[in-house]
Structure formats: structure tokens, C-alpha cells
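In what follows, a structure is listed as C-alpha cells, so that the remarks can point back to it.
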Amino acid sequence: MLARAGKRAGLGLVKPHSFMHSFTSAVLDASGGNLVIARDAGGWASAAMVDEVYGHVDVHDPGFDAALRTVWGEAR
């Protein structure tokens, strides 16, 4: 049913996991990366699993940018 609705809406292939990933990423972003909050919001038993599957680097974080520039030899 979800695949048909996605196709009718012109969204292409829509998978249920996409919703969970988007939700968890949004909770992690809103909570400042707090894995316990994301674990509880999503109903998982393990914060470590949330980190392994859904945790990701905030590419907008100045620390992330600085780390990449250091590795690439472009430190400011």
C-alpha cells in the first residue's frame, strides 16, 4: 500500500524504514545527539544500536569542518 501511494504521489519507491530513519535523525538533531532520548522516542532497547544504525555526523558542525580541513592539510 505504501509503495502504491508513493508511486501515485510521484515520490518513487517509499519504504517504511525511511520514516524511522527520518524520525530518528530529527530526534538526534533536536536533542543535540542525545542517544538516550532517541532510544526512548523510538522505542529501542539499546542506545548503542541507535548510534550504530542512525547516528551520523552533523555536517554543519564547525568542528566537523575543522577536522576535515586538518586532515586535508587546509587548517585555518
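Here, A, B, ... name the chains of the C-alpha cells in the order displayed, residue numbers run from 1 inside each chain, and ligands are numbered from 1 in the same displayed order.
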In chain A, DSSP helix (DSSP H, G or I) residues written as an NGL selection string: :A and (2-8 or 16-30 or 35-42 or 47-54 or 62-71)
Shell around segment 44-58 of chain A at 12 Å using only C-alpha atoms, local window under 2 positions removed, as number ranges by chain: A: 17-18, 20-30, 32-42, 60-65, 67-68
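Between atom CA of Phe19 of chain A and atom CA of Ser31 of chain A the separation is 18.1 Å.
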